[in-house]
Amino acid sequence: MRRYLILGGTAEARALAERLHALPDTLVVSSLAGRVRRPRLPVGQVRVGGFGGPAMLAAYLAAERFDAVVDATHPFAERISASAAQAAELSGTPLLVLRRPGWTEREGDAWHWVDDLVGAAALLPELGERVFLTTGRQGLPAFAECPQWFLVRCVDPPEPPLPARHELLLDRGPYTLPGELGLLRGHRIDVLVTKDSGGPLTAAKLDAARELGIPVVVVRRPATGAAPVLSDVAQALRALTEGDD
Ligand code: NAP
């Protein structure tokens with residue numbers, strides 16, 4: 001029996017869980033942080049909640065005798081990725097990182113790259129007064145002191161502090177081009193702020209911004225560690241099952 005732990009919370013993690021689950025003599029456990037109220041659940045076994053840091057994750061990997069751990073978390077989930085790298089080393093468990101590619105700028109785009117959300121907030125005065133903020137609910141305090149008006153879109157309600165002038169839109173992808181065009185036009189948006197999350201499910205906002213000539217502030221991804229990084233599910237599946245009969 002081959003045993004895999006997938007650190008998840010992404011579409012790629014769910015897709016990999018499904019592919020591994022379909023293999024004979026294979027146990028797949030997906031791990032979710034438990035941040036989202038109604039998470040999309042992968043097939044196979046699921047555990048929810050933090051491990052309590054790298055040492056505890058290492059102990060779990062060893063106790064459950066996983067053949068490999070896959071870090072398929074979101075590109076901006078830095079702490080769990082660092083924890084996975086340490087825990088893999090501590091427990092001697094092979095680690096694979098599955099990370100979808102970032103987005104690439106295309107002709108007609110007006111992208112402004114920044115290192116973090118504070119950098120994004122600092123750029124806003126020169127880019128516009130009405131902001132579509134799509135960076136998720138966790139980093140919103142970076143915008144709390146901004147005088148601009150914000151359309152804040154996230155999956156679950158955020159905790160304060162929030163920008164003084166904002167409208168909250170609770171929603172989750174996938175989003176469509178007509179839908180995103182309607183939002184940008186309807187709210188007279190001047191500037192879009194996004195993380196470089198990559199992937200097709202939330203990319204329509206970038207197409208909409210291009211079509212309307214709206215500038216986009218893009219937060220760069222944090223660096224990855226030393227483990228091999230694969231960018232799609234089929235590659236990850238091959239790497240995990242290489243050498244199996
Ligand atoms: P984070 O800052 O990297 O992690 C914070 C803590 O949450 C970790 O130290 C760990 O707790 C726990 N944790 C995170 N992911 C976990 C997982 N898959 N399984 C078990 N514990 C986990 O992560 P985050 O940015 O809060 O993101 C949380 C989850 O949401 C991630 O799994 C990620 O894939 C998903 N997500 C994040 C974003 C984003 O923009 N950051 C967007 C979409 C989805 P312990 O130290 O106690 O183990």
# chains A, B, ... in the order shown; residues from 1 in each chain; ligands from 1
>>> residues_near_ligand(ligand="ligand 1", cutoff="7 Å", atoms="only C-alpha atoms and all ligand atoms", output="JSON, numbers by chain")
{"A": [7, 8, 9, 10, 31, 32, 33, 35, 48, 49, 50, 51, 52, 53, 54, 57, 72, 73, 74, 76, 77, 78, 79, 80, 81, 83, 135, 136]}
>>> residues_around(residues="His166 in chain A", least_positions_apart="2", cutoff="7 Å", atoms="only C-alpha atoms", output="count of residues only")
7
>>> select_by_dssp(residues="range 183-213 of chain A", states="alpha helix (DSSP H)", output="ChimeraX atom specification")
/A:183-186,204-212
>>> write_last_selection(atoms="N, CA, C and O atoms", output="PDB file, in the first residue's frame")
ATOM      1  N   LEU A 183     -18.795  43.522 -13.352  1.00  0.00           N
ATOM      2  CA  LEU A 183     -18.380  44.050 -12.044  1.00  0.00           C
ATOM      3  C   LEU A 183     -17.527  45.307 -12.204  1.00  0.00           C
ATOM      4  O   LEU A 183     -17.738  46.303 -11.502  1.00  0.00           O
ATOM      5  N   LEU A 184     -16.553  45.237 -13.104  1.00  0.00           N
ATOM      6  CA  LEU A 184     -15.640  46.375 -13.273  1.00  0.00           C
ATOM      7  C   LEU A 184     -16.391  47.605 -13.775  1.00  0.00           C
ATOM      8  O   LEU A 184     -16.179  48.717 -13.289  1.00  0.00           O
ATOM      9  N   ARG A 185     -17.285  47.358 -14.735  1.00  0.00           N
ATOM     10  CA  ARG A 185     -18.048  48.498 -15.290  1.00  0.00           C
ATOM     11  C   ARG A 185     -19.049  49.016 -14.254  1.00  0.00           C
ATOM     12  O   ARG A 185     -19.144  50.213 -14.016  1.00  0.00           O
ATOM     13  N   GLY A 186     -19.783  48.073 -13.651  1.00  0.00           N
ATOM     14  CA  GLY A 186     -20.862  48.441 -12.727  1.00  0.00           C
ATOM     15  C   GLY A 186     -20.361  49.222 -11.527  1.00  0.00           C
ATOM     16  O   GLY A 186     -21.067  50.094 -11.005  1.00  0.00           O
ATOM     17  N   ALA A 204     -10.214  35.455 -15.252  1.00  0.00           N
ATOM     18  CA  ALA A 204     -11.068  36.296 -16.105  1.00  0.00           C
ATOM     19  C   ALA A 204     -10.971  37.772 -15.730  1.00  0.00           C
ATOM     20  O   ALA A 204     -11.128  38.649 -16.596  1.00  0.00           O
ATOM     21  N   LYS A 205     -10.667  38.073 -14.472  1.00  0.00           N
ATOM     22  CA  LYS A 205     -10.549  39.485 -14.065  1.00  0.00           C
ATOM     23  C   LYS A 205      -9.416  40.172 -14.831  1.00  0.00           C
ATOM     24  O   LYS A 205      -9.492  41.369 -15.130  1.00  0.00           O
ATOM     25  N   LEU A 206      -8.356  39.402 -15.157  1.00  0.00           N
ATOM     26  CA  LEU A 206      -7.225  39.985 -15.883  1.00  0.00           C
ATOM     27  C   LEU A 206      -7.616  40.284 -17.335  1.00  0.00           C
ATOM     28  O   LEU A 206      -7.220  41.305 -17.894  1.00  0.00           O
ATOM     29  N   ASP A 207      -8.394  39.386 -17.918  1.00  0.00           N
ATOM     30  CA  ASP A 207      -8.883  39.617 -19.284  1.00  0.00           C
ATOM     31  C   ASP A 207      -9.815  40.832 -19.304  1.00  0.00           C
ATOM     32  O   ASP A 207      -9.768  41.652 -20.218  1.00  0.00           O
ATOM     33  N   ALA A 208     -10.656  40.921 -18.282  1.00  0.00           N
ATOM     34  CA  ALA A 208     -11.601  42.044 -18.208  1.00  0.00           C
ATOM     35  C   ALA A 208     -10.844  43.362 -18.053  1.00  0.00           C
ATOM     36  O   ALA A 208     -11.166  44.363 -18.716  1.00  0.00           O
ATOM     37  N   ALA A 209      -9.822  43.366 -17.201  1.00  0.00           N
ATOM     38  CA  ALA A 209      -9.038  44.595 -16.982  1.00  0.00           C
ATOM     39  C   ALA A 209      -8.346  45.011 -18.282  1.00  0.00           C
ATOM     40  O   ALA A 209      -8.316  46.194 -18.638  1.00  0.00           O
ATOM     41  N   ARG A 210      -7.798  44.031 -19.001  1.00  0.00           N
ATOM     42  CA  ARG A 210      -7.139  44.333 -20.281  1.00  0.00           C
ATOM     43  C   ARG A 210      -8.131  44.962 -21.254  1.00  0.00           C
ATOM     44  O   ARG A 210      -7.858  45.974 -21.891  1.00  0.00           O
ATOM     45  N   GLU A 211      -9.316  44.329 -21.335  1.00  0.00           N
ATOM     46  CA  GLU A 211     -10.326  44.812 -22.283  1.00  0.00           C
ATOM     47  C   GLU A 211     -10.755  46.248 -21.973  1.00  0.00           C
ATOM     48  O   GLU A 211     -11.018  47.033 -22.876  1.00  0.00           O
ATOM     49  N   LEU A 212     -10.790  46.596 -20.697  1.00  0.00           N
ATOM     50  CA  LEU A 212     -11.259  47.929 -20.316  1.00  0.00           C
ATOM     51  C   LEU A 212     -10.107  48.911 -20.102  1.00  0.00           C
ATOM     52  O   LEU A 212     -10.339  50.060 -19.713  1.00  0.00           O
TER      53      LEU A 212
END
>>> atom_distance(atom1="CA of Ala144 in chain A", atom2="CA of Pro160 in chain A")
8.4 Å
>>> select_by_dssp(residues="range 64-190 of chain A", states="strand (DSSP E or B)", output="ChimeraX atom specification")
/A:68-71,95-98,111-114,130-133,149-154,166-170
>>> residues_around(residues="Arg153 in chain A", least_positions_apart="4", cutoff="7 Å", atoms="only C-alpha atoms", output="list in words")
Leu133, Thr134, Leu168, Leu169, Leu170 and Asp171 of chain A
>>> write_last_selection(atoms="N, CA and C atoms", output="mmCIF file, in the first residue's frame")
data_model
loop_
_atom_site.group_PDB
_atom_site.id
_atom_site.type_symbol
_atom_site.label_atom_id
_atom_site.label_comp_id
_atom_site.auth_asym_id
_atom_site.auth_seq_id
_atom_site.Cartn_x
_atom_site.Cartn_y
_atom_site.Cartn_z
ATOM 1 N N LEU A 133 -10.399 44.803 -5.070
ATOM 2 C CA LEU A 133 -9.369 44.135 -4.276
ATOM 3 C C LEU A 133 -9.706 42.647 -4.176
ATOM 4 N N THR A 134 -8.835 41.810 -4.741
ATOM 5 C CA THR A 134 -9.143 40.370 -4.863
ATOM 6 C C THR A 134 -8.038 39.520 -4.243
ATOM 7 N N LEU A 168 -18.427 44.880 0.369
ATOM 8 C CA LEU A 168 -17.956 43.500 0.462
ATOM 9 C C LEU A 168 -18.734 42.622 -0.507
ATOM 10 N N LEU A 169 -18.010 41.797 -1.228
ATOM 11 C CA LEU A 169 -18.639 40.868 -2.166
ATOM 12 C C LEU A 169 -18.139 39.469 -1.809
ATOM 13 N N LEU A 170 -19.033 38.638 -1.233
ATOM 14 C CA LEU A 170 -18.630 37.276 -0.870
ATOM 15 C C LEU A 170 -18.913 36.364 -2.048
ATOM 16 N N ASP A 171 -17.850 35.772 -2.570
ATOM 17 C CA ASP A 171 -18.007 34.942 -3.771
ATOM 18 C C ASP A 171 -16.760 34.087 -3.914
#
>>> residues_around(residues="Arg99 in chain A", least_positions_apart="5", cutoff="9 Å", atoms="only C-alpha atoms", output="PyMOL selection string")
chain A and resi 12+71-75+229-232
>>> closest_residue(among="A:Val217, A:Leu201, A:Ala68, A:Ala88", to="Ala120 in chain A", atoms="only C-alpha atoms")
A:Val217
>>> residues_around(residues="range 105-118 of chain A", least_positions_apart="6", cutoff="6 Å", atoms="only C-alpha atoms", output="mmCIF file with N, CA, C and O atoms, in the first residue's frame")
data_model
loop_
_atom_site.group_PDB
_atom_site.id
_atom_site.type_symbol
_atom_site.label_atom_id
_atom_site.label_comp_id
_atom_site.auth_asym_id
_atom_site.auth_seq_id
_atom_site.Cartn_x
_atom_site.Cartn_y
_atom_site.Cartn_z
ATOM 1 N N ALA A 142 -3.559 45.569 5.421
ATOM 2 C CA ALA A 142 -2.598 46.393 4.664
ATOM 3 C C ALA A 142 -3.298 47.568 3.975
ATOM 4 O O ALA A 142 -2.660 48.560 3.632
ATOM 5 N N ARG A 210 -7.798 44.031 -19.001
ATOM 6 C CA ARG A 210 -7.139 44.333 -20.281
ATOM 7 C C ARG A 210 -8.131 44.962 -21.254
ATOM 8 O O ARG A 210 -7.858 45.974 -21.891
ATOM 9 N N PRO A 215 -5.549 49.399 -15.116
ATOM 10 C CA PRO A 215 -4.274 48.917 -14.591
ATOM 11 C C PRO A 215 -4.470 47.859 -13.505
ATOM 12 O O PRO A 215 -5.488 47.852 -12.812
ATOM 13 N N VAL A 216 -3.479 46.966 -13.402
ATOM 14 C CA VAL A 216 -3.550 45.867 -12.430
ATOM 15 C C VAL A 216 -2.292 45.895 -11.557
ATOM 16 O O VAL A 216 -1.186 45.947 -12.087
ATOM 17 N N VAL A 217 -2.479 45.868 -10.259
ATOM 18 C CA VAL A 217 -1.348 45.720 -9.341
ATOM 19 C C VAL A 217 -1.241 44.238 -9.015
ATOM 20 O O VAL A 217 -2.203 43.635 -8.517
ATOM 21 N N VAL A 218 -0.087 43.642 -9.320
ATOM 22 C CA VAL A 218 0.103 42.199 -9.147
ATOM 23 C C VAL A 218 1.152 41.946 -8.069
ATOM 24 O O VAL A 218 2.292 42.413 -8.184
ATOM 25 N N VAL A 219 0.754 41.198 -7.046
ATOM 26 C CA VAL A 219 1.700 40.877 -5.967
ATOM 27 C C VAL A 219 2.503 39.644 -6.378
ATOM 28 O O VAL A 219 1.930 38.601 -6.707
ATOM 29 N N ARG A 220 3.838 39.806 -6.366
ATOM 30 C CA ARG A 220 4.746 38.700 -6.729
ATOM 31 C C ARG A 220 4.614 37.536 -5.761
ATOM 32 O O ARG A 220 4.366 37.733 -4.574
#
